[in-house]
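File shown: protein-v8.pdb (PDB, C-alpha atoms, pLDDT in the B column).
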```pdb
ATOM      1  CA  GLN A   1       0.000   0.000   0.000  1.00 87.00           C
ATOM      2  CA  ARG A   2       2.886   2.366   0.758  1.00 90.00           C
ATOM      3  CA  THR A   3       4.260   1.681  -2.718  1.00 92.00           C
ATOM      4  CA  VAL A   4       0.877   2.388  -4.295  1.00 93.00           C
ATOM      5  CA  ASP A   5       0.654   5.651  -2.346  1.00 95.00           C
ATOM      6  CA  ARG A   6       4.105   6.722  -3.560  1.00 94.00           C
ATOM      7  CA  ALA A   7       3.200   5.826  -7.134  1.00 95.00           C
ATOM      8  CA  GLN A   8       0.033   7.925  -6.969  1.00 96.00           C
ATOM      9  CA  ILE A   9       2.016  10.903  -5.669  1.00 95.00           C
ATOM     10  CA  ALA A  10       4.657  10.467  -8.395  1.00 95.00           C
ATOM     11  CA  ALA A  11       1.938  10.209 -11.037  1.00 95.00           C
ATOM     12  CA  ARG A  12       0.630  13.660 -10.198  1.00 94.00           C
ATOM     13  CA  GLY A  13       4.034  15.274 -10.766  1.00 91.00           C
ATOM     14  CA  GLU A  14       5.888  16.004 -13.984  1.00 89.00           C
ATOM     15  CA  GLN A  15       9.280  14.442 -13.260  1.00 93.00           C
ATOM     16  CA  PRO A  16      10.329  11.187 -14.931  1.00 95.00           C
ATOM     17  CA  VAL A  17       9.537   8.093 -12.873  1.00 96.00           C
ATOM     18  CA  LEU A  18      11.770   5.064 -12.399  1.00 95.00           C
ATOM     19  CA  VAL A  19      10.082   1.851 -11.240  1.00 96.00           C
ATOM     20  CA  ARG A  20      12.682  -0.457  -9.745  1.00 94.00           C
ATOM     21  CA  GLY A  21      12.245  -4.086  -8.706  1.00 94.00           C
ATOM     22  CA  PRO A  22      13.129  -7.719  -9.443  1.00 95.00           C
ATOM     23  CA  ALA A  23      11.786  -9.666 -12.407  1.00 94.00           C
ATOM     24  CA  GLY A  24       8.144 -10.610 -12.044  1.00 94.00           C
ATOM     25  CA  ALA A  25       7.406  -8.104  -9.260  1.00 94.00           C
ATOM     26  CA  GLY A  26       4.865  -6.111 -11.261  1.00 92.00           C
ATOM     27  CA  LYS A  27       6.942  -3.149 -12.500  1.00 95.00           C
ATOM     28  CA  SER A  28       5.051  -2.849 -15.784  1.00 94.00           C
ATOM     29  CA  MET A  29       1.697  -2.849 -13.998  1.00 93.00           C
ATOM     30  CA  PHE A  30       2.855  -0.028 -11.717  1.00 94.00           C
ATOM     31  CA  ALA A  31       4.170   1.921 -14.707  1.00 95.00           C
ATOM     32  CA  ARG A  32       0.844   1.614 -16.496  1.00 95.00           C
ATOM     33  CA  ALA A  33      -0.996   2.634 -13.338  1.00 96.00           C
ATOM     34  CA  ILE A  34       1.203   5.731 -13.043  1.00 96.00           C
ATOM     35  CA  HIS A  35       0.145   6.692 -16.580  1.00 96.00           C
ATOM     36  CA  ALA A  36      -3.524   6.091 -15.720  1.00 96.00           C
ATOM     37  CA  TRP A  37      -3.272   8.233 -12.562  1.00 96.00           C
ATOM     38  CA  SER A  38      -1.362  11.063 -14.240  1.00 95.00           C
ATOM     39  CA  PRO A  39      -2.524  14.168 -16.127  1.00 93.00           C
ATOM     40  CA  ALA A  40      -1.120  12.444 -19.240  1.00 91.00           C
ATOM     41  CA  ALA A  41      -3.786   9.712 -18.972  1.00 94.00           C
ATOM     42  CA  THR A  42      -5.807  11.365 -21.740  1.00 94.00           C
ATOM     43  CA  GLY A  43      -2.880  10.744 -24.102  1.00 95.00           C
ATOM     44  CA  SER A  44      -1.503   7.483 -25.391  1.00 94.00           C
ATOM     45  CA  LEU A  45       0.829   5.072 -23.602  1.00 96.00           C
ATOM     46  CA  GLU A  46       3.710   4.139 -25.885  1.00 97.00           C
ATOM     47  CA  THR A  47       5.983   1.258 -24.805  1.00 97.00           C
ATOM     48  CA  LEU A  48       9.555   0.665 -25.949  1.00 97.00           C
ATOM     49  CA  TYR A  49      11.078  -2.670 -24.929  1.00 97.00           C
ATOM     50  CA  CYS A  50      14.696  -1.557 -24.731  1.00 96.00           C
ATOM     51  CA  ALA A  51      16.271  -5.023 -24.711  1.00 95.00           C
ATOM     52  CA  ALA A  52      14.426  -5.913 -27.931  1.00 96.00           C
ATOM     53  CA  VAL A  53      16.080  -3.101 -29.921  1.00 96.00           C
ATOM     54  CA  PRO A  54      19.575  -3.734 -31.337  1.00 95.00           C
ATOM     55  CA  GLU A  55      22.043  -1.254 -29.848  1.00 95.00           C
ATOM     56  CA  PRO A  56      22.865   0.460 -33.205  1.00 93.00           C
ATOM     57  CA  LEU A  57      19.158   1.281 -33.650  1.00 94.00           C
ATOM     58  CA  GLN A  58      18.297   2.360 -30.105  1.00 96.00           C
ATOM     59  CA  ALA A  59      18.724   6.104 -30.742  1.00 94.00           C
ATOM     60  CA  ARG A  60      16.625   5.829 -33.905  1.00 93.00           C
ATOM     61  CA  GLU A  61      13.836   3.961 -32.129  1.00 94.00           C
ATOM     62  CA  LEU A  62      13.808   6.438 -29.247  1.00 96.00           C
ATOM     63  CA  PHE A  63      14.421   9.811 -30.920  1.00 96.00           C
ATOM     64  CA  GLY A  64      13.553   9.099 -34.543  1.00 93.00           C
ATOM     65  CA  CYS A  65      15.673  10.094 -37.533  1.00 92.00           C
ATOM     66  CA  ALA A  66      15.649  12.230 -40.658  1.00 90.00           C
ATOM     67  CA  ALA A  67      15.386  10.681 -44.111  1.00 88.00           C
ATOM     68  CA  GLY A  68      18.703   9.280 -45.348  1.00 84.00           C
ATOM     69  CA  THR A  69      20.246   8.906 -41.898  1.00 83.00           C
ATOM     70  CA  TYR A  70      20.403   5.122 -42.284  1.00 84.00           C
ATOM     71  CA  PRO A  71      21.132   3.925 -45.849  1.00 82.00           C
ATOM     72  CA  ALA A  72      19.428   0.594 -45.175  1.00 77.00           C
ATOM     73  CA  LEU A  73      16.396   2.446 -43.738  1.00 79.00           C
ATOM     74  CA  PRO A  74      16.220   5.522 -46.009  1.00 81.00           C
ATOM     75  CA  ASP A  75      12.877   6.968 -44.884  1.00 84.00           C
ATOM     76  CA  ALA A  76      12.344   9.414 -42.045  1.00 85.00           C
ATOM     77  CA  PHE A  77      11.243   7.682 -38.851  1.00 90.00           C
ATOM     78  CA  GLU A  78       9.130   8.965 -35.984  1.00 92.00           C
ATOM     79  CA  GLY A  79      10.634   7.733 -32.725  1.00 94.00           C
ATOM     80  CA  ALA A  80       8.890   6.589 -29.571  1.00 96.00           C
ATOM     81  CA  ILE A  81       9.217  10.020 -27.924  1.00 97.00           C
ATOM     82  CA  ALA A  82       7.303  11.662 -30.768  1.00 96.00           C
ATOM     83  CA  ARG A  83       4.663   8.928 -30.849  1.00 96.00           C
ATOM     84  CA  ALA A  84       4.057   9.383 -27.119  1.00 96.00           C
ATOM     85  CA  ALA A  85       3.650  13.181 -27.317  1.00 96.00           C
ATOM     86  CA  GLY A  86       0.856  14.287 -25.001  1.00 95.00           C
ATOM     87  CA  GLY A  87       0.949  10.953 -23.185  1.00 96.00           C
ATOM     88  CA  THR A  88       3.482   8.637 -21.557  1.00 97.00           C
ATOM     89  CA  LEU A  89       6.503   6.804 -22.923  1.00 97.00           C
ATOM     90  CA  LEU A  90       7.241   3.604 -20.995  1.00 97.00           C
ATOM     91  CA  LEU A  91      10.833   2.432 -21.359  1.00 97.00           C
ATOM     92  CA  GLU A  92      10.775  -1.219 -20.326  1.00 96.00           C
ATOM     93  CA  GLY A  93      14.167  -2.318 -19.025  1.00 95.00           C
ATOM     94  CA  ILE A  94      15.932   1.028 -19.434  1.00 95.00           C
ATOM     95  CA  GLU A  95      19.191  -0.567 -18.247  1.00 92.00           C
ATOM     96  CA  ALA A  96      19.420  -2.200 -21.700  1.00 94.00           C
ATOM     97  CA  LEU A  97      19.910   1.185 -23.390  1.00 94.00           C
ATOM     98  CA  ALA A  98      23.498   1.881 -24.399  1.00 94.00           C
ATOM     99  CA  ALA A  99      25.297   4.494 -22.271  1.00 93.00           C
ATOM    100  CA  PRO A 100      25.455   7.120 -25.092  1.00 94.00           C
ATOM    101  CA  VAL A 101      21.710   6.781 -25.654  1.00 95.00           C
ATOM    102  CA  ARG A 102      21.000   7.189 -21.937  1.00 94.00           C
ATOM    103  CA  THR A 103      23.234  10.275 -21.905  1.00 94.00           C
ATOM    104  CA  THR A 104      21.332  11.798 -24.828  1.00 95.00           C
ATOM    105  CA  LEU A 105      18.050  11.010 -23.106  1.00 95.00           C
ATOM    106  CA  SER A 106      19.262  12.667 -19.890  1.00 94.00           C
ATOM    107  CA  ARG A 107      20.154  15.826 -21.809  1.00 94.00           C
ATOM    108  CA  ALA A 108      16.764  15.821 -23.511  1.00 95.00           C
ATOM    109  CA  LEU A 109      15.002  15.475 -20.152  1.00 95.00           C
ATOM    110  CA  ALA A 110      17.086  18.273 -18.668  1.00 94.00           C
ATOM    111  CA  VAL A 111      16.063  20.816 -21.339  1.00 95.00           C
ATOM    112  CA  SER A 112      12.728  19.256 -22.410  1.00 95.00           C
ATOM    113  CA  ARG A 113      13.931  19.182 -26.011  1.00 96.00           C
ATOM    114  CA  TYR A 114      15.475  16.554 -28.288  1.00 95.00           C
ATOM    115  CA  ARG A 115      16.776  16.225 -31.828  1.00 94.00           C
ATOM    116  CA  PRO A 116      16.041  13.263 -34.117  1.00 94.00           C
ATOM    117  CA  GLU A 117      19.154  11.702 -35.582  1.00 92.00           C
ATOM    118  CA  GLY A 118      20.331  13.470 -38.707  1.00 90.00           C
ATOM    119  CA  ASP A 119      17.949  16.379 -38.139  1.00 90.00           C
ATOM    120  CA  THR A 120      19.071  19.975 -37.576  1.00 86.00           C
ATOM    121  CA  ALA A 121      15.934  21.143 -35.765  1.00 89.00           C
ATOM    122  CA  GLU A 122      15.114  20.439 -32.142  1.00 92.00           C
ATOM    123  CA  ARG A 123      11.660  19.390 -31.021  1.00 94.00           C
ATOM    124  CA  ALA A 124       9.857  19.873 -27.733  1.00 96.00           C
ATOM    125  CA  LEU A 125       9.810  16.774 -25.551  1.00 96.00           C
ATOM    126  CA  ARG A 126       6.104  16.468 -24.794  1.00 96.00           C
ATOM    127  CA  ALA A 127       5.968  12.926 -23.392  1.00 96.00           C
ATOM    128  CA  ARG A 128       6.047  11.898 -19.734  1.00 95.00           C
ATOM    129  CA  ILE A 129       8.840   9.355 -19.302  1.00 96.00           C
ATOM    130  CA  VAL A 130       8.352   6.305 -17.083  1.00 97.00           C
ATOM    131  CA  ALA A 131      10.944   3.536 -17.028  1.00 96.00           C
ATOM    132  CA  THR A 132      11.360   0.146 -15.401  1.00 96.00           C
ATOM    133  CA  THR A 133      14.614  -1.443 -14.300  1.00 94.00           C
ATOM    134  CA  GLU A 134      15.897  -4.496 -12.476  1.00 91.00           C
ATOM    135  CA  GLY A 135      19.051  -2.560 -11.605  1.00 78.00           C
ATOM    136  CA  GLY A 136      20.067  -2.136  -8.002  1.00 72.00           C
ATOM    137  CA  ALA A 137      19.841   0.967  -5.864  1.00 66.00           C
ATOM    138  CA  GLY A 138      22.312   3.657  -6.834  1.00 64.00           C
ATOM    139  CA  GLU A 139      21.931   3.103 -10.571  1.00 70.00           C
ATOM    140  CA  THR A 140      20.241   6.219 -11.956  1.00 75.00           C
ATOM    141  CA  PRO A 141      19.761   5.808 -15.714  1.00 80.00           C
ATOM    142  CA  PHE A 142      17.949   9.145 -16.078  1.00 81.00           C
ATOM    143  CA  GLY A 143      20.763  11.396 -14.902  1.00 79.00           C
ATOM    144  CA  VAL A 144      18.223  14.063 -13.882  1.00 86.00           C
ATOM    145  CA  ALA A 145      15.869  14.603 -10.961  1.00 89.00           C
ATOM    146  CA  HIS A 146      13.164  11.945 -10.951  1.00 92.00           C
ATOM    147  CA  GLN A 147      10.721  10.045  -8.777  1.00 93.00           C
ATOM    148  CA  GLU A 148      11.591   6.464  -7.865  1.00 94.00           C
ATOM    149  CA  ILE A 149       9.215   3.642  -6.956  1.00 95.00           C
ATOM    150  CA  VAL A 150      10.786   0.503  -5.453  1.00 94.00           C
ATOM    151  CA  ILE A 151       8.788  -2.735  -5.517  1.00 94.00           C
ATOM    152  CA  ALA A 152       9.911  -5.306  -2.971  1.00 93.00           C
ATOM    153  CA  PRO A 153      10.184  -9.009  -3.848  1.00 95.00           C
ATOM    154  CA  LEU A 154       7.051 -10.988  -3.000  1.00 95.00           C
ATOM    155  CA  ALA A 155       9.003 -12.937  -0.373  1.00 94.00           C
ATOM    156  CA  GLU A 156       9.395  -9.677   1.576  1.00 94.00           C
ATOM    157  CA  ARG A 157       5.658  -8.890   1.553  1.00 93.00           C
ATOM    158  CA  ARG A 158       3.971 -12.168   2.298  1.00 93.00           C
ATOM    159  CA  GLU A 159       0.813 -10.372   3.419  1.00 94.00           C
ATOM    160  CA  ASP A 160       0.189  -9.812  -0.310  1.00 94.00           C
ATOM    161  CA  VAL A 161       0.362 -13.505  -1.272  1.00 97.00           C
ATOM    162  CA  LEU A 162      -3.175 -14.646  -0.399  1.00 97.00           C
ATOM    163  CA  PRO A 163      -4.958 -11.508  -1.719  1.00 96.00           C
ATOM    164  CA  LEU A 164      -3.017 -11.801  -4.978  1.00 96.00           C
ATOM    165  CA  ALA A 165      -3.760 -15.525  -5.193  1.00 97.00           C
ATOM    166  CA  ALA A 166      -7.476 -14.841  -4.679  1.00 96.00           C
ATOM    167  CA  HIS A 167      -7.348 -12.154  -7.378  1.00 96.00           C
ATOM    168  CA  PHE A 168      -5.737 -14.488  -9.927  1.00 96.00           C
ATOM    169  CA  LEU A 169      -8.089 -17.337  -8.964  1.00 97.00           C
ATOM    170  CA  ALA A 170     -11.064 -15.076  -9.690  1.00 96.00           C
ATOM    171  CA  LEU A 171      -9.606 -14.083 -13.066  1.00 96.00           C
ATOM    172  CA  PHE A 172      -8.985 -17.660 -14.172  1.00 96.00           C
ATOM    173  CA  ALA A 173     -12.358 -18.841 -12.866  1.00 96.00           C
ATOM    174  CA  ALA A 174     -14.078 -16.115 -14.900  1.00 96.00           C
ATOM    175  CA  GLU A 175     -12.155 -17.206 -18.006  1.00 95.00           C
ATOM    176  CA  ALA A 176     -13.233 -20.809 -17.410  1.00 96.00           C
ATOM    177  CA  GLY A 177     -16.836 -19.849 -16.651  1.00 97.00           C
ATOM    178  CA  VAL A 178     -16.830 -21.412 -13.183  1.00 96.00           C
ATOM    179  CA  GLU A 179     -17.505 -20.053  -9.694  1.00 95.00           C
ATOM    180  CA  PRO A 180     -14.352 -19.809  -7.546  1.00 92.00           C
ATOM    181  CA  ILE A 181     -14.687 -21.311  -4.074  1.00 91.00           C
ATOM    182  CA  GLY A 182     -11.261 -20.537  -2.610  1.00 93.00           C
ATOM    183  CA  PHE A 183      -8.226 -22.392  -1.386  1.00 96.00           C
ATOM    184  CA  ALA A 184      -8.092 -25.348   0.970  1.00 96.00           C
ATOM    185  CA  THR A 185      -6.190 -24.858   4.218  1.00 97.00           C
ATOM    186  CA  ASP A 186      -3.194 -26.863   3.036  1.00 97.00           C
ATOM    187  CA  ALA A 187      -3.130 -24.885  -0.210  1.00 97.00           C
ATOM    188  CA  ARG A 188      -3.117 -21.597   1.714  1.00 96.00           C
ATOM    189  CA  THR A 189      -0.253 -22.894   3.857  1.00 96.00           C
ATOM    190  CA  ALA A 190       1.691 -23.939   0.766  1.00 97.00           C
ATOM    191  CA  LEU A 191       1.159 -20.530  -0.835  1.00 97.00           C
ATOM    192  CA  LEU A 192       2.495 -18.761   2.248  1.00 96.00           C
ATOM    193  CA  GLU A 193       5.499 -21.089   2.648  1.00 95.00           C
ATOM    194  CA  GLU A 194       6.601 -20.908  -0.999  1.00 96.00           C
ATOM    195  CA  PRO A 195       9.637 -18.578  -1.448  1.00 95.00           C
ATOM    196  CA  TRP A 196       8.338 -17.237  -4.817  1.00 96.00           C
ATOM    197  CA  PRO A 197      11.686 -16.491  -6.497  1.00 96.00           C
ATOM    198  CA  GLY A 198       9.690 -15.519  -9.587  1.00 96.00           C
ATOM    199  CA  ASN A 199       7.614 -13.051  -7.578  1.00 96.00           C
ATOM    200  CA  VAL A 200       4.054 -12.114  -8.636  1.00 95.00           C
ATOM    201  CA  ALA A 201       4.529 -13.495 -12.151  1.00 95.00           C
ATOM    202  CA  GLU A 202       5.294 -16.939 -10.672  1.00 96.00           C
ATOM    203  CA  LEU A 203       2.343 -16.728  -8.280  1.00 97.00           C
ATOM    204  CA  ARG A 204       0.048 -15.945 -11.186  1.00 96.00           C
TER     205      ARG A 204
END
```
Output the file's structure in the form of structure tokens.
Amino acid sequence: QRTVDRAQIAARGEQPVLVRGPAGAGKSMFARAIHAWSPAATGSLETLYCAAVPEPLQARELFGCAAGTYPALPDAFEGAIARAAGGTLLLEGIEALAAPVRTTLSRALAVSRYRPEGDTAERALRARIVATTEGGAGETPFGVAHQEIVIAPLAERREDVLPLAAHFLALFAAEAGVEPIGFATDARTALLEEPWPGNVAELR
């Protein structure tokens, strides 16, 4: 609940938000909730999966490029920042961005302007930036003032296990068209004793 409260406060601000936590902890869900709670909720939510973009194309995918910048990709390209204008850009796994790209992003956030590759004109940065990372504390990929939300591993918040299990049970029961009854006592005990190294994703 404390984490939800912090996320709601961060959503109301204008600073970039970094959602930090282990794999499977629910970082993407928090990031999407921050968009939904923010003034940018009326705009679109654009997602860039950083690890899925080859390093030589990361700047192009993020900032866009002018025509002719890449001989193999001769057309002008509108990057994720431009597509998210008026809304939120979610950078999934920002730690996968190359250091020069993160540096360019930090500069853009600092002045609220960016330049597509190969272009001479700057553009206003009109997207709210939210990013997720599995990186440890002390790693600050933004390089500028930002809000940070830390999601603890499920093993450190066992009071969430049974409510989450009941939530997922209800979802799957609805999909199957059956009425959920609940968990037997031994099942509840097993759920609480499981270490859940895969966090909420494993519980689901």
Polymer residues at most 10 Å from Thr47 in chain A, only C-alpha atoms, same-chain spacing of 6 or more positions, as a PyMOL selection string
chain A and resi 28+32+80-81+83-84+88-92+130-131
For the structure provided, state which residues fall under the PyMOL selection byres ((chain A and resi 2) around 12), and present them as a PDB file with C-alpha atoms, in the frame of the given file.
```
ATOM      1  CA  GLN A   1       0.000   0.000   0.000  1.00 87.00           C
ATOM      2  CA  THR A   3       4.260   1.681  -2.718  1.00 92.00           C
ATOM      3  CA  VAL A   4       0.877   2.388  -4.295  1.00 93.00           C
ATOM      4  CA  ASP A   5       0.654   5.651  -2.346  1.00 95.00           C
ATOM      5  CA  ARG A   6       4.105   6.722  -3.560  1.00 94.00           C
ATOM      6  CA  ALA A   7       3.200   5.826  -7.134  1.00 95.00           C
ATOM      7  CA  GLN A   8       0.033   7.925  -6.969  1.00 96.00           C
ATOM      8  CA  ILE A   9       2.016  10.903  -5.669  1.00 95.00           C
ATOM      9  CA  ILE A 149       9.215   3.642  -6.956  1.00 95.00           C
ATOM     10  CA  VAL A 150      10.786   0.503  -5.453  1.00 94.00           C
ATOM     11  CA  ILE A 151       8.788  -2.735  -5.517  1.00 94.00           C
ATOM     12  CA  ALA A 152       9.911  -5.306  -2.971  1.00 93.00           C
ATOM     13  CA  ARG A 157       5.658  -8.890   1.553  1.00 93.00           C
TER      14      ARG A 157
END
```
Which neighbours of Ala166 in chain A fall inside 12 Å, counting all atoms listed in the file, when residues of the same chain fewer than 2 positions from it are skipped, and could you give them as an MDAnalysis selection string?
chainID A and resid 160:164 168:173 180:184 187:188 191 203:204
Set out as CSV a contact list for range 88-170 of chain A and range 49-71 of chain A with a cut-off of 12 Å, giving each residue of range 88-170 of chain A that qualifies its closest atom pair and distance in Å to one decimal, counting all atoms listed in the file, ordered by chain and rising residue number.
```
residue,atom,partner,partner_atom,distance
A:Leu89,CA,A:Leu62,CA,9.7
A:Leu90,CA,A:Tyr49,CA,8.3
A:Leu91,CA,A:Tyr49,CA,6.2
A:Glu92,CA,A:Tyr49,CA,4.8
A:Gly93,CA,A:Cys50,CA,5.8
A:Ile94,CA,A:Cys50,CA,6.0
A:Glu95,CA,A:Cys50,CA,8.0
A:Ala96,CA,A:Ala51,CA,5.2
A:Leu97,CA,A:Cys50,CA,6.0
A:Ala98,CA,A:Glu55,CA,6.5
A:Ala99,CA,A:Glu55,CA,10.1
A:Pro100,CA,A:Ala59,CA,8.8
A:Val101,CA,A:Ala59,CA,5.9
A:Arg102,CA,A:Ala59,CA,9.2
A:Thr103,CA,A:Ala59,CA,10.8
A:Thr104,CA,A:Ala59,CA,8.6
A:Leu105,CA,A:Phe63,CA,8.7
A:Ala108,CA,A:Phe63,CA,9.8
A:Arg113,CA,A:Phe63,CA,10.6
A:Tyr114,CA,A:Phe63,CA,7.3
A:Arg115,CA,A:Phe63,CA,6.9
A:Pro116,CA,A:Cys65,CA,4.7
A:Glu117,CA,A:Cys65,CA,4.3
A:Gly118,CA,A:Ala66,CA,5.2
A:Asp119,CA,A:Ala66,CA,5.4
A:Thr120,CA,A:Ala66,CA,9.0
A:Ala121,CA,A:Ala66,CA,10.2
A:Glu122,CA,A:Phe63,CA,10.7
A:Arg123,CA,A:Phe63,CA,10.0
A:Ala124,CA,A:Phe63,CA,11.5
A:Leu125,CA,A:Phe63,CA,9.9
A:Ala127,CA,A:Phe63,CA,11.7
A:Ile129,CA,A:Leu62,CA,11.5
A:Ala131,CA,A:Cys50,CA,10.0
A:Thr132,CA,A:Tyr49,CA,9.9
A:Thr133,CA,A:Cys50,CA,10.4
```
Write out the residues from the selection above, keeping C-alpha atoms, as an mmCIF file, in the coordinates of the input.
```
data_model
loop_
_atom_site.group_PDB
_atom_site.id
_atom_site.type_symbol
_atom_site.label_atom_id
_atom_site.label_comp_id
_atom_site.auth_asym_id
_atom_site.auth_seq_id
_atom_site.Cartn_x
_atom_site.Cartn_y
_atom_site.Cartn_z
ATOM 1 C CA LEU A 89 6.503 6.804 -22.923
ATOM 2 C CA LEU A 90 7.241 3.604 -20.995
ATOM 3 C CA LEU A 91 10.833 2.432 -21.359
ATOM 4 C CA GLU A 92 10.775 -1.219 -20.326
ATOM 5 C CA GLY A 93 14.167 -2.318 -19.025
ATOM 6 C CA ILE A 94 15.932 1.028 -19.434
ATOM 7 C CA GLU A 95 19.191 -0.567 -18.247
ATOM 8 C CA ALA A 96 19.420 -2.200 -21.700
ATOM 9 C CA LEU A 97 19.910 1.185 -23.390
ATOM 10 C CA ALA A 98 23.498 1.881 -24.399
ATOM 11 C CA ALA A 99 25.297 4.494 -22.271
ATOM 12 C CA PRO A 100 25.455 7.120 -25.092
ATOM 13 C CA VAL A 101 21.710 6.781 -25.654
ATOM 14 C CA ARG A 102 21.000 7.189 -21.937
ATOM 15 C CA THR A 103 23.234 10.275 -21.905
ATOM 16 C CA THR A 104 21.332 11.798 -24.828
ATOM 17 C CA LEU A 105 18.050 11.010 -23.106
ATOM 18 C CA ALA A 108 16.764 15.821 -23.511
ATOM 19 C CA ARG A 113 13.931 19.182 -26.011
ATOM 20 C CA TYR A 114 15.475 16.554 -28.288
ATOM 21 C CA ARG A 115 16.776 16.225 -31.828
ATOM 22 C CA PRO A 116 16.041 13.263 -34.117
ATOM 23 C CA GLU A 117 19.154 11.702 -35.582
ATOM 24 C CA GLY A 118 20.331 13.470 -38.707
ATOM 25 C CA ASP A 119 17.949 16.379 -38.139
ATOM 26 C CA THR A 120 19.071 19.975 -37.576
ATOM 27 C CA ALA A 121 15.934 21.143 -35.765
ATOM 28 C CA GLU A 122 15.114 20.439 -32.142
ATOM 29 C CA ARG A 123 11.660 19.390 -31.021
ATOM 30 C CA ALA A 124 9.857 19.873 -27.733
ATOM 31 C CA LEU A 125 9.810 16.774 -25.551
ATOM 32 C CA ALA A 127 5.968 12.926 -23.392
ATOM 33 C CA ILE A 129 8.840 9.355 -19.302
ATOM 34 C CA ALA A 131 10.944 3.536 -17.028
ATOM 35 C CA THR A 132 11.360 0.146 -15.401
ATOM 36 C CA THR A 133 14.614 -1.443 -14.300
#
```
Expanded to explicit residues, what is the PyMOL selection byres ((chain A and resi 36) around 12) for this file, as a PDB file with C-alpha atoms, in the coordinates of the input?
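Saved result, selection_10.pdb, follows:
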```pdb
ATOM      1  CA  ALA A   7       3.200   5.826  -7.134  1.00 95.00           C
ATOM      2  CA  GLN A   8       0.033   7.925  -6.969  1.00 96.00           C
ATOM      3  CA  ALA A  10       4.657  10.467  -8.395  1.00 95.00           C
ATOM      4  CA  ALA A  11       1.938  10.209 -11.037  1.00 95.00           C
ATOM      5  CA  ARG A  12       0.630  13.660 -10.198  1.00 94.00           C
ATOM      6  CA  MET A  29       1.697  -2.849 -13.998  1.00 93.00           C
ATOM      7  CA  PHE A  30       2.855  -0.028 -11.717  1.00 94.00           C
ATOM      8  CA  ALA A  31       4.170   1.921 -14.707  1.00 95.00           C
ATOM      9  CA  ARG A  32       0.844   1.614 -16.496  1.00 95.00           C
ATOM     10  CA  ALA A  33      -0.996   2.634 -13.338  1.00 96.00           C
ATOM     11  CA  ILE A  34       1.203   5.731 -13.043  1.00 96.00           C
ATOM     12  CA  HIS A  35       0.145   6.692 -16.580  1.00 96.00           C
ATOM     13  CA  TRP A  37      -3.272   8.233 -12.562  1.00 96.00           C
ATOM     14  CA  SER A  38      -1.362  11.063 -14.240  1.00 95.00           C
ATOM     15  CA  PRO A  39      -2.524  14.168 -16.127  1.00 93.00           C
ATOM     16  CA  ALA A  40      -1.120  12.444 -19.240  1.00 91.00           C
ATOM     17  CA  ALA A  41      -3.786   9.712 -18.972  1.00 94.00           C
ATOM     18  CA  THR A  42      -5.807  11.365 -21.740  1.00 94.00           C
ATOM     19  CA  GLY A  43      -2.880  10.744 -24.102  1.00 95.00           C
ATOM     20  CA  SER A  44      -1.503   7.483 -25.391  1.00 94.00           C
ATOM     21  CA  LEU A  45       0.829   5.072 -23.602  1.00 96.00           C
ATOM     22  CA  GLY A  87       0.949  10.953 -23.185  1.00 96.00           C
ATOM     23  CA  THR A  88       3.482   8.637 -21.557  1.00 97.00           C
ATOM     24  CA  ARG A 128       6.047  11.898 -19.734  1.00 95.00           C
ATOM     25  CA  VAL A 130       8.352   6.305 -17.083  1.00 97.00           C
TER      26      VAL A 130
END
```
Which neighbours of Val144 in chain A fall inside 10 Å, counting all atoms listed in the file, when residues of the same chain fewer than 2 positions from it are skipped, and could you give them as a compact mmCIF listing (two decimals) with C-alpha atoms, in the coordinates of the input?
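result10.txt was written with the following content:
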```
# COMPACT_ATOMS: atom_id res chain seq x y z
CA GLN A 15 9.28 14.44 -13.26
CA PRO A 16 10.33 11.19 -14.93
CA LEU A 105 18.05 11.01 -23.11
CA SER A 106 19.26 12.67 -19.89
CA ARG A 107 20.15 15.83 -21.81
CA ALA A 108 16.76 15.82 -23.51
CA LEU A 109 15.00 15.48 -20.15
CA ALA A 110 17.09 18.27 -18.67
CA THR A 140 20.24 6.22 -11.96
CA PRO A 141 19.76 5.81 -15.71
CA PHE A 142 17.95 9.14 -16.08
CA HIS A 146 13.16 11.94 -10.95
CA GLN A 147 10.72 10.04 -8.78
```
Atomic separation - CA of Gly136 in chain A relative to CA of Leu48 in chain A, Å:
21.0 Å
Using all atoms listed in the file, can you tell me which of A:Leu18, A:Gly13, A:Gly177, A:Ala190 comes closest to Glu139 in chain A?
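Nearest to Glu139 in chain A: A:Leu18.
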Using only C-alpha atoms, can you tell me which of A:Glu156, A:Glu202, A:Glu175, A:Glu134 comes closest to Pro22 in chain A?
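Among the listed residues, A:Glu134 lies closest to Pro22 in chain A.
Of note, CA of Ala174 in chain A and CA of Glu193 in chain A are spaced 26.8 Å apart.
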Between CA of Ala85 in chain A and CA of Gly143 in chain A, what is the distance in Å, rounded to a tenth?
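Pair CA of Ala85 in chain A / CA of Gly143 in chain A returns 21.2 Å.
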Convert the output of the PyMOL selection byres ((chain A and resi 195) around 10) on the shown file into explicit residues, formatted as a list in words.
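When the PyMOL selection byres ((chain A and resi 195) around 10) is applied, the selected residues are Pro153, Leu154, Ala155, Glu156, Arg158, Ala190, Leu191, Leu192, Glu193, Glu194, Trp196, Pro197, Gly198 and Asn199 of chain A.
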